[in-house]
Amino acid sequence: MNFELNEEQKMLKEMVHHFAENEINPVAKELEQKREFPSALIKKLAELGLMGMSVPEKYGGSETGSLSVSLVIEELSRVSPSLAVIFSVHSSLFCFSISQFGTEEQKSKYLTKAAEAKILGAFSLSESEAGSDATALKTCFEKKGDTYILNGIKTWVTSGKNANAYILFAKAKTASEKPKLSAFIVDKDSPGLKITKVEDKMGLHSSLTSEITLEDCEIPSSNILGSEGQGTKIAFHCLDRSRIGIAAQSVGLATRCLEEAMQYSKQRQAFGQSISSFQAIQFKIADMATLLDASRLLTYRAAYLSDEGKPYSKESAMAKLFASEAANKLAYEALQIHGGYGYSKEFLIEQLYRDARVLTIYEGTSEIQRLVISRYLLR
Ligand code: CAA
């Protein structure tokens, strides 16, 4: 058993760490405050070759695997949890779906551009009454000649307004209540597609989350991903993979919480000494570091299994469950250590506390992860 990253992985993590410190950190707070999408940073990620990490070499990517993608997400999230989720959705949901289930034509058309960030990808499964119960969605498709016509309203689409294309899920117009879904690649400029809302969220403000309305939206029939009825499996297969990304996002955010808490506790004086000299604070720091280590190990293990071609659905759910809950605990304790200042927007911890909250919700709530884990154990 080896707990060390290999040389290539260490170099990648270090490279992204430096990039994050030098290029992202100086602008991240302003982007959050202005609720501005980080388009320029995404371009820079592409210049570093990172936007094609889930794209096969044949299409201009590096297909480096889940562990490397997780390392990048972790480092991005340490400075910008918003950029981390934009990257994760593009890489682990959009590019990964097409590279796994796309035709040659779809791969050439979308993946090559996605690797260069000429296309930013998103994933559109949820609806107002279909979140955890994803297959209860109402958006429907009908085949008409060489086209599919889509109708419905999709919600909570990360990067929805800024992406150029979506992996979008729908059911057949004639289908029953709980049908098999189908997956489509839908270009944002398809006729009949409109961005109808940008959510006013609690956190992750520079990751814009949108509602998409499809009114007789017309796409070429060649844009179906896989075959009709294969969409449910595509969605859950890709979510297994991308949940590792959210675990990595949680690890990155939690790392920053610990750093901020340690730094503040050394500076802040009370009762004539720095508060880091009090056991009450020391024990908090020890518990935070232990939770963080456990989160990181679960995340890397799930990614490693995926890269080894071994089953990893249960482990991905465990990593997402544990790391996202842990990130919230770290954010809570880090803010507590900051005292009143932690409640002020002047300190980063206020933002991290808000950003952490969604980690136990999107890409499957903690309750859904427990359902997945227990099904594997008890079946
Ligand atoms: N891989 C491949 N196929 C899978 C699978 C997996 N991991 N898990 C299930 N399936 C297949 C099943 O085999 C079944 O296929 P058949 O009908 O052919 O037998 C089909 O999918 C349906 O499976 P279930 O009957 O188990 O489905 P269910 O209705 O009981 O739901 C669930 C299971 C675990 C609750 C699932 O609905 C789920 O994960 N819900 C959460 C949805 C979610 O994570 N949404 C996130 C939205 S995306 C997002 O947040 C992105 C973003 O922008 C940040």
# chains A, B, ... in the order shown; residues from 1 in each chain; ligands from 1
>>> residues_near_ligand(ligand="ligand 1", cutoff="6 Å", atoms="only C-alpha atoms and all ligand atoms", output="MDAnalysis selection string")
chainID A and resid 123 125:126 131:135 157:158 232:233 236:237 240 313 362:364 368 372
>>> write_last_selection(atoms="N, CA and C atoms", output="PDB file, in the first residue's frame")
ATOM      1  N   PHE A 123     -24.037  20.454 -17.162  1.00  0.00           N
ATOM      2  CA  PHE A 123     -24.789  19.201 -16.995  1.00  0.00           C
ATOM      3  C   PHE A 123     -26.154  19.582 -16.454  1.00  0.00           C
ATOM      4  N   LEU A 125     -29.568  18.033 -15.256  1.00  0.00           N
ATOM      5  CA  LEU A 125     -30.432  16.902 -14.887  1.00  0.00           C
ATOM      6  C   LEU A 125     -31.618  17.399 -14.051  1.00  0.00           C
ATOM      7  N   SER A 126     -31.324  18.213 -13.033  1.00  0.00           N
ATOM      8  CA  SER A 126     -32.342  18.580 -12.036  1.00  0.00           C
ATOM      9  C   SER A 126     -33.478  19.433 -12.599  1.00  0.00           C
ATOM     10  N   GLY A 131     -35.067  16.532  -7.942  1.00  0.00           N
ATOM     11  CA  GLY A 131     -33.700  16.755  -7.439  1.00  0.00           C
ATOM     12  C   GLY A 131     -33.112  15.418  -7.065  1.00  0.00           C
ATOM     13  N   SER A 132     -33.371  14.996  -5.809  1.00  0.00           N
ATOM     14  CA  SER A 132     -32.926  13.659  -5.377  1.00  0.00           C
ATOM     15  C   SER A 132     -33.606  12.586  -6.221  1.00  0.00           C
ATOM     16  N   ASP A 133     -34.878  12.800  -6.493  1.00  0.00           N
ATOM     17  CA  ASP A 133     -35.648  11.840  -7.308  1.00  0.00           C
ATOM     18  C   ASP A 133     -35.477  12.225  -8.783  1.00  0.00           C
ATOM     19  N   ALA A 134     -34.256  12.037  -9.256  1.00  0.00           N
ATOM     20  CA  ALA A 134     -33.871  12.612 -10.557  1.00  0.00           C
ATOM     21  C   ALA A 134     -34.719  12.090 -11.727  1.00  0.00           C
ATOM     22  N   THR A 135     -35.144  10.837 -11.653  1.00  0.00           N
ATOM     23  CA  THR A 135     -35.864  10.291 -12.813  1.00  0.00           C
ATOM     24  C   THR A 135     -37.326  10.751 -12.869  1.00  0.00           C
ATOM     25  N   VAL A 157     -28.530  24.646 -12.946  1.00  0.00           N
ATOM     26  CA  VAL A 157     -27.476  24.268 -13.885  1.00  0.00           C
ATOM     27  C   VAL A 157     -26.223  25.102 -13.599  1.00  0.00           C
ATOM     28  N   THR A 158     -25.216  24.450 -13.038  1.00  0.00           N
ATOM     29  CA  THR A 158     -23.938  25.125 -12.783  1.00  0.00           C
ATOM     30  C   THR A 158     -23.369  25.604 -14.118  1.00  0.00           C
ATOM     31  N   THR A 232     -30.557   7.361 -17.998  1.00  0.00           N
ATOM     32  CA  THR A 232     -30.506   7.161 -16.536  1.00  0.00           C
ATOM     33  C   THR A 232     -29.145   6.591 -16.149  1.00  0.00           C
ATOM     34  N   LYS A 233     -28.734   5.578 -16.883  1.00  0.00           N
ATOM     35  CA  LYS A 233     -27.429   4.961 -16.582  1.00  0.00           C
ATOM     36  C   LYS A 233     -26.289   5.951 -16.824  1.00  0.00           C
ATOM     37  N   PHE A 236     -26.208   8.458 -13.805  1.00  0.00           N
ATOM     38  CA  PHE A 236     -25.702   7.916 -12.531  1.00  0.00           C
ATOM     39  C   PHE A 236     -24.244   7.478 -12.646  1.00  0.00           C
ATOM     40  N   HIS A 237     -23.875   6.960 -13.824  1.00  0.00           N
ATOM     41  CA  HIS A 237     -22.476   6.559 -14.028  1.00  0.00           C
ATOM     42  C   HIS A 237     -21.568   7.790 -13.925  1.00  0.00           C
ATOM     43  N   ASP A 240     -21.351   9.231 -10.363  1.00  0.00           N
ATOM     44  CA  ASP A 240     -20.408   8.459  -9.525  1.00  0.00           C
ATOM     45  C   ASP A 240     -19.020   9.065  -9.619  1.00  0.00           C
ATOM     46  N   SER A 313     -18.370   3.093  -7.039  1.00  0.00           N
ATOM     47  CA  SER A 313     -19.597   3.861  -6.766  1.00  0.00           C
ATOM     48  C   SER A 313     -19.782   4.078  -5.265  1.00  0.00           C
ATOM     49  N   TYR A 362     -25.442  19.508  -3.425  1.00  0.00           N
ATOM     50  CA  TYR A 362     -25.440  19.218  -4.876  1.00  0.00           C
ATOM     51  C   TYR A 362     -24.688  17.940  -5.220  1.00  0.00           C
ATOM     52  N   GLU A 363     -24.980  17.462  -6.420  1.00  0.00           N
ATOM     53  CA  GLU A 363     -24.489  16.159  -6.921  1.00  0.00           C
ATOM     54  C   GLU A 363     -24.866  15.016  -5.977  1.00  0.00           C
ATOM     55  N   GLY A 364     -26.045  15.157  -5.383  1.00  0.00           N
ATOM     56  CA  GLY A 364     -26.561  14.147  -4.467  1.00  0.00           C
ATOM     57  C   GLY A 364     -26.364  14.575  -3.025  1.00  0.00           C
ATOM     58  N   ILE A 368     -28.784  11.090   0.070  1.00  0.00           N
ATOM     59  CA  ILE A 368     -28.691  10.230  -1.125  1.00  0.00           C
ATOM     60  C   ILE A 368     -27.390   9.415  -1.103  1.00  0.00           C
ATOM     61  N   VAL A 372     -27.096   5.372  -1.336  1.00  0.00           N
ATOM     62  CA  VAL A 372     -26.233   4.640  -2.286  1.00  0.00           C
ATOM     63  C   VAL A 372     -25.323   3.671  -1.517  1.00  0.00           C
TER      64      VAL A 372
END
>>> residues_around(residues="range 165-174 of chain A", least_positions_apart="4", cutoff="6 Å", atoms="only C-alpha atoms", output="ChimeraX atom specification")
/A:121-125,139-142,181-188
>>> write_last_selection(atoms="all heavy atoms", output="compact mmCIF listing (two decimals), in the first residue's frame")
# COMPACT_ATOMS: atom_id res chain seq x y z
N GLY A 121 -18.50 23.29 -20.81
CA GLY A 121 -19.61 22.34 -20.71
C GLY A 121 -20.33 22.39 -19.38
O GLY A 121 -19.75 22.75 -18.35
N ALA A 122 -21.62 22.02 -19.40
CA ALA A 122 -22.41 21.93 -18.17
C ALA A 122 -23.27 20.67 -18.22
O ALA A 122 -23.24 19.92 -19.22
CB ALA A 122 -23.26 23.18 -18.01
N PHE A 123 -24.04 20.45 -17.16
CA PHE A 123 -24.79 19.20 -16.99
C PHE A 123 -26.15 19.58 -16.45
O PHE A 123 -26.25 20.30 -15.45
CB PHE A 123 -24.02 18.35 -15.98
CG PHE A 123 -24.50 16.95 -15.77
CD1 PHE A 123 -24.13 15.93 -16.64
CD2 PHE A 123 -25.30 16.63 -14.67
CE1 PHE A 123 -24.53 14.61 -16.41
CE2 PHE A 123 -25.70 15.32 -14.43
CZ PHE A 123 -25.30 14.31 -15.30
N SER A 124 -27.20 19.14 -17.11
CA SER A 124 -28.53 19.61 -16.74
C SER A 124 -29.47 18.42 -16.53
O SER A 124 -30.07 17.92 -17.48
CB SER A 124 -29.04 20.54 -17.85
OG SER A 124 -30.32 20.97 -17.56
N LEU A 125 -29.57 18.03 -15.26
CA LEU A 125 -30.43 16.90 -14.89
C LEU A 125 -31.62 17.40 -14.05
O LEU A 125 -32.77 17.10 -14.34
CB LEU A 125 -29.58 15.88 -14.09
CG LEU A 125 -30.29 14.67 -13.49
CD1 LEU A 125 -30.89 13.77 -14.57
CD2 LEU A 125 -29.33 13.84 -12.62
N THR A 139 -39.21 17.25 -18.19
CA THR A 139 -38.77 17.68 -19.54
C THR A 139 -38.87 16.50 -20.50
O THR A 139 -38.45 15.39 -20.18
CB THR A 139 -37.31 18.21 -19.49
OG1 THR A 139 -37.32 19.39 -18.70
CG2 THR A 139 -36.77 18.53 -20.87
N CYS A 140 -39.47 16.76 -21.66
CA CYS A 140 -39.70 15.64 -22.57
C CYS A 140 -39.16 15.93 -23.97
O CYS A 140 -38.92 17.08 -24.34
CB CYS A 140 -41.19 15.32 -22.64
SG CYS A 140 -42.17 16.67 -23.21
N PHE A 141 -38.94 14.84 -24.69
CA PHE A 141 -38.46 14.97 -26.08
C PHE A 141 -39.39 14.21 -27.01
O PHE A 141 -40.08 13.26 -26.60
CB PHE A 141 -37.02 14.44 -26.21
CG PHE A 141 -36.90 12.94 -26.06
CD1 PHE A 141 -37.05 12.09 -27.16
CD2 PHE A 141 -36.62 12.38 -24.83
CE1 PHE A 141 -36.94 10.71 -27.02
CE2 PHE A 141 -36.50 11.00 -24.67
CZ PHE A 141 -36.65 10.17 -25.77
N GLU A 142 -39.38 14.66 -28.25
CA GLU A 142 -40.16 14.00 -29.30
C GLU A 142 -39.29 14.00 -30.54
O GLU A 142 -38.69 15.04 -30.87
CB GLU A 142 -41.43 14.83 -29.54
CG GLU A 142 -42.50 14.13 -30.29
CD GLU A 142 -43.74 15.04 -30.45
OE1 GLU A 142 -43.68 16.23 -30.07
OE2 GLU A 142 -44.72 14.54 -30.98
N LEU A 181 -34.59 7.62 -18.76
CA LEU A 181 -34.25 8.94 -19.33
C LEU A 181 -33.39 8.77 -20.57
O LEU A 181 -32.81 7.71 -20.80
CB LEU A 181 -33.48 9.76 -18.29
CG LEU A 181 -34.13 9.94 -16.94
CD1 LEU A 181 -33.26 10.84 -16.06
CD2 LEU A 181 -35.54 10.52 -17.06
N SER A 182 -33.32 9.84 -21.35
CA SER A 182 -32.39 9.90 -22.47
C SER A 182 -31.52 11.13 -22.28
O SER A 182 -31.95 12.11 -21.67
CB SER A 182 -33.14 9.99 -23.81
OG SER A 182 -33.95 8.85 -23.96
N ALA A 183 -30.28 11.05 -22.78
CA ALA A 183 -29.33 12.16 -22.61
C ALA A 183 -29.05 12.80 -23.97
O ALA A 183 -28.92 12.09 -24.97
CB ALA A 183 -28.03 11.65 -21.99
N PHE A 184 -28.95 14.11 -24.00
CA PHE A 184 -28.71 14.84 -25.23
C PHE A 184 -27.57 15.85 -25.03
O PHE A 184 -27.41 16.38 -23.92
CB PHE A 184 -29.96 15.62 -25.67
CG PHE A 184 -31.16 14.73 -25.88
CD1 PHE A 184 -32.06 14.49 -24.84
CD2 PHE A 184 -31.38 14.12 -27.10
CE1 PHE A 184 -33.15 13.66 -25.01
CE2 PHE A 184 -32.48 13.28 -27.29
CZ PHE A 184 -33.36 13.05 -26.23
N ILE A 185 -26.84 16.10 -26.10
CA ILE A 185 -25.90 17.23 -26.06
C ILE A 185 -26.64 18.40 -26.69
O ILE A 185 -27.05 18.34 -27.85
CB ILE A 185 -24.61 16.94 -26.87
CG1 ILE A 185 -24.00 15.59 -26.46
CG2 ILE A 185 -23.60 18.07 -26.69
CD1 ILE A 185 -22.83 15.15 -27.34
N VAL A 186 -26.85 19.43 -25.88
CA VAL A 186 -27.65 20.57 -26.36
C VAL A 186 -26.78 21.82 -26.38
O VAL A 186 -26.21 22.21 -25.36
CB VAL A 186 -28.88 20.79 -25.43
CG1 VAL A 186 -29.70 21.98 -25.90
CG2 VAL A 186 -29.74 19.54 -25.36
N ASP A 187 -26.66 22.42 -27.56
CA ASP A 187 -25.90 23.68 -27.67
C ASP A 187 -26.72 24.81 -27.08
O ASP A 187 -27.95 24.84 -27.23
CB ASP A 187 -25.62 24.01 -29.15
CG ASP A 187 -24.67 22.99 -29.76
OD1 ASP A 187 -23.74 22.54 -29.05
OD2 ASP A 187 -24.87 22.62 -30.94
N LYS A 188 -26.02 25.76 -26.45
CA LYS A 188 -26.77 26.86 -25.83
C LYS A 188 -27.52 27.69 -26.86
O LYS A 188 -28.61 28.22 -26.58
CB LYS A 188 -25.85 27.77 -25.02
CG LYS A 188 -26.67 28.74 -24.19
CD LYS A 188 -25.88 29.50 -23.19
CE LYS A 188 -25.35 30.76 -23.80
NZ LYS A 188 -24.51 31.48 -22.86
>>> closest_residue(among="A:Asn328, A:Ser306, A:Ser108, A:Thr155", to="Ser242 in chain A", atoms="only C-alpha atoms")
A:Ser306
>>> residues_around(residues="Ile219 in chain A", least_positions_apart="5", cutoff="10 Å", atoms="only C-alpha atoms", output="number ranges by chain")
A: 143, 146-150, 184-187, 189-192, 224
>>> write_last_selection(atoms="C-alpha atoms", output="PDB file, in the first residue's frame")
ATOM      1  CA  LYS A 143     -38.396  12.822 -32.439  1.00  0.00           C
ATOM      2  CA  ASP A 146     -33.864  14.473 -38.238  1.00  0.00           C
ATOM      3  CA  THR A 147     -34.447  16.445 -35.061  1.00  0.00           C
ATOM      4  CA  TYR A 148     -35.447  16.072 -31.425  1.00  0.00           C
ATOM      5  CA  ILE A 149     -37.833  18.650 -30.006  1.00  0.00           C
ATOM      6  CA  LEU A 150     -37.353  19.339 -26.299  1.00  0.00           C
ATOM      7  CA  PHE A 184     -28.706  14.845 -25.234  1.00  0.00           C
ATOM      8  CA  ILE A 185     -25.895  17.228 -26.065  1.00  0.00           C
ATOM      9  CA  VAL A 186     -27.652  20.566 -26.355  1.00  0.00           C
ATOM     10  CA  ASP A 187     -25.898  23.680 -27.672  1.00  0.00           C
ATOM     11  CA  ASP A 189     -27.651  28.615 -29.076  1.00  0.00           C
ATOM     12  CA  SER A 190     -30.196  25.943 -30.069  1.00  0.00           C
ATOM     13  CA  PRO A 191     -33.459  27.533 -31.253  1.00  0.00           C
ATOM     14  CA  GLY A 192     -36.019  27.538 -28.424  1.00  0.00           C
ATOM     15  CA  ILE A 224     -28.451  12.083 -28.600  1.00  0.00           C
TER      16      ILE A 224
END
>>> closest_residue(among="A:Gln269, A:Ser70, A:Gln9, A:Thr365", to="Tyr300 in chain A", atoms="only C-alpha atoms")
A:Ser70
>>> residues_around(residues="Glu325 in chain A", least_positions_apart="3", cutoff="9 Å", atoms="only C-alpha atoms", output="list in words")
Ser250, Lys320, Leu321, Phe322, Asn328, Lys329, Leu330, Ala356, Arg357, Leu359, Thr360 and Ser366 of chain A
>>> closest_residue(among="A:Ser374, A:Ser324, A:Thr213, A:Ser62", to="Leu298 in chain A", atoms="only C-alpha atoms")
A:Ser324
>>> closest_atom_pairs(of="range 139-211 of chain A", to="range 28-39 of chain A", cutoff="9 Å", atoms="only C-alpha atoms", output="tab-separated table")
residue	atom	partner	partner_atom	distance
A:Ser159	CA	A:Phe37	CA	8.4
A:Asn162	CA	A:Phe37	CA	7.7
A:Gly203	CA	A:Glu32	CA	8.6
A:Leu204	CA	A:Glu32	CA	7.2
A:His205	CA	A:Arg35	CA	5.0
A:Ser206	CA	A:Arg35	CA	4.6
A:Ser207	CA	A:Phe37	CA	6.0
A:Leu208	CA	A:Phe37	CA	6.6
>>> write_last_selection(atoms="all heavy atoms", output="CSV table (one decimal), in the first residue's frame")
chain,number,residue,atom,x,y,z
A,159,SER,N,-22.9,26.9,-14.2
A,159,SER,CA,-22.4,27.5,-15.4
A,159,SER,C,-23.5,27.6,-16.5
A,159,SER,O,-23.1,27.9,-17.7
A,159,SER,CB,-21.2,26.7,-16.0
A,159,SER,OG,-20.2,26.5,-15.0
A,162,ASN,N,-23.2,30.6,-18.8
A,162,ASN,CA,-21.9,30.8,-19.4
A,162,ASN,C,-21.4,29.6,-20.3
A,162,ASN,O,-20.5,29.8,-21.1
A,162,ASN,CB,-20.9,31.1,-18.4
A,162,ASN,CG,-21.3,32.4,-17.6
A,162,ASN,OD1,-22.1,32.2,-16.7
A,162,ASN,ND2,-20.8,33.5,-17.9
A,203,GLY,N,-24.0,31.2,-1.6
A,203,GLY,CA,-22.6,31.2,-1.8
A,203,GLY,C,-22.2,30.9,-3.2
A,203,GLY,O,-23.0,30.9,-4.1
A,204,LEU,N,-20.9,30.5,-3.4
A,204,LEU,CA,-20.4,30.2,-4.7
A,204,LEU,C,-20.9,31.3,-5.7
A,204,LEU,O,-21.5,30.9,-6.8
A,204,LEU,CB,-20.8,28.8,-5.2
A,204,LEU,CG,-20.3,27.6,-4.4
A,204,LEU,CD1,-20.7,26.3,-5.0
A,204,LEU,CD2,-18.7,27.7,-4.2
A,205,HIS,N,-20.6,32.6,-5.4
A,205,HIS,CA,-21.2,33.6,-6.2
A,205,HIS,C,-20.6,33.8,-7.6
A,205,HIS,O,-21.3,34.4,-8.4
A,205,HIS,CB,-21.2,34.9,-5.4
A,205,HIS,CG,-22.2,35.0,-4.3
A,205,HIS,ND1,-22.0,35.8,-3.2
A,205,HIS,CD2,-23.3,34.3,-4.1
A,205,HIS,CE1,-23.0,35.6,-2.3
A,205,HIS,NE2,-23.8,34.7,-2.9
A,206,SER,N,-19.4,33.4,-7.8
A,206,SER,CA,-18.9,33.6,-9.1
A,206,SER,C,-19.1,32.4,-10.0
A,206,SER,O,-18.8,32.3,-11.2
A,206,SER,CB,-17.4,34.1,-9.2
A,206,SER,OG,-16.6,33.2,-8.5
A,207,SER,N,-19.7,31.3,-9.4
A,207,SER,CA,-20.2,30.2,-10.2
A,207,SER,C,-21.7,30.5,-10.4
A,207,SER,O,-22.5,30.4,-9.5
A,207,SER,CB,-20.0,28.9,-9.5
A,207,SER,OG,-21.0,28.0,-9.8
A,208,LEU,N,-22.1,30.9,-11.6
A,208,LEU,CA,-23.5,31.3,-11.9
A,208,LEU,C,-24.3,30.1,-12.2
A,208,LEU,O,-24.0,29.3,-13.0
A,208,LEU,CB,-23.5,32.4,-13.0
A,208,LEU,CG,-22.7,33.6,-12.8
A,208,LEU,CD1,-22.9,34.6,-13.9
A,208,LEU,CD2,-23.0,34.3,-11.5
>>> residues_around(residues="range 89-92 of chain A", least_positions_apart="4", cutoff="8 Å", atoms="only C-alpha atoms", output="list of chain:residue names")
A:Met51, A:Gly52, A:Met53, A:Ser54, A:Val69, A:Val85, A:Phe96, A:Ser97, A:Leu120, A:Gly121, A:Ala122, A:Phe123, A:Thr158, A:Cys238, A:Arg241, A:Ser242, A:Gly245
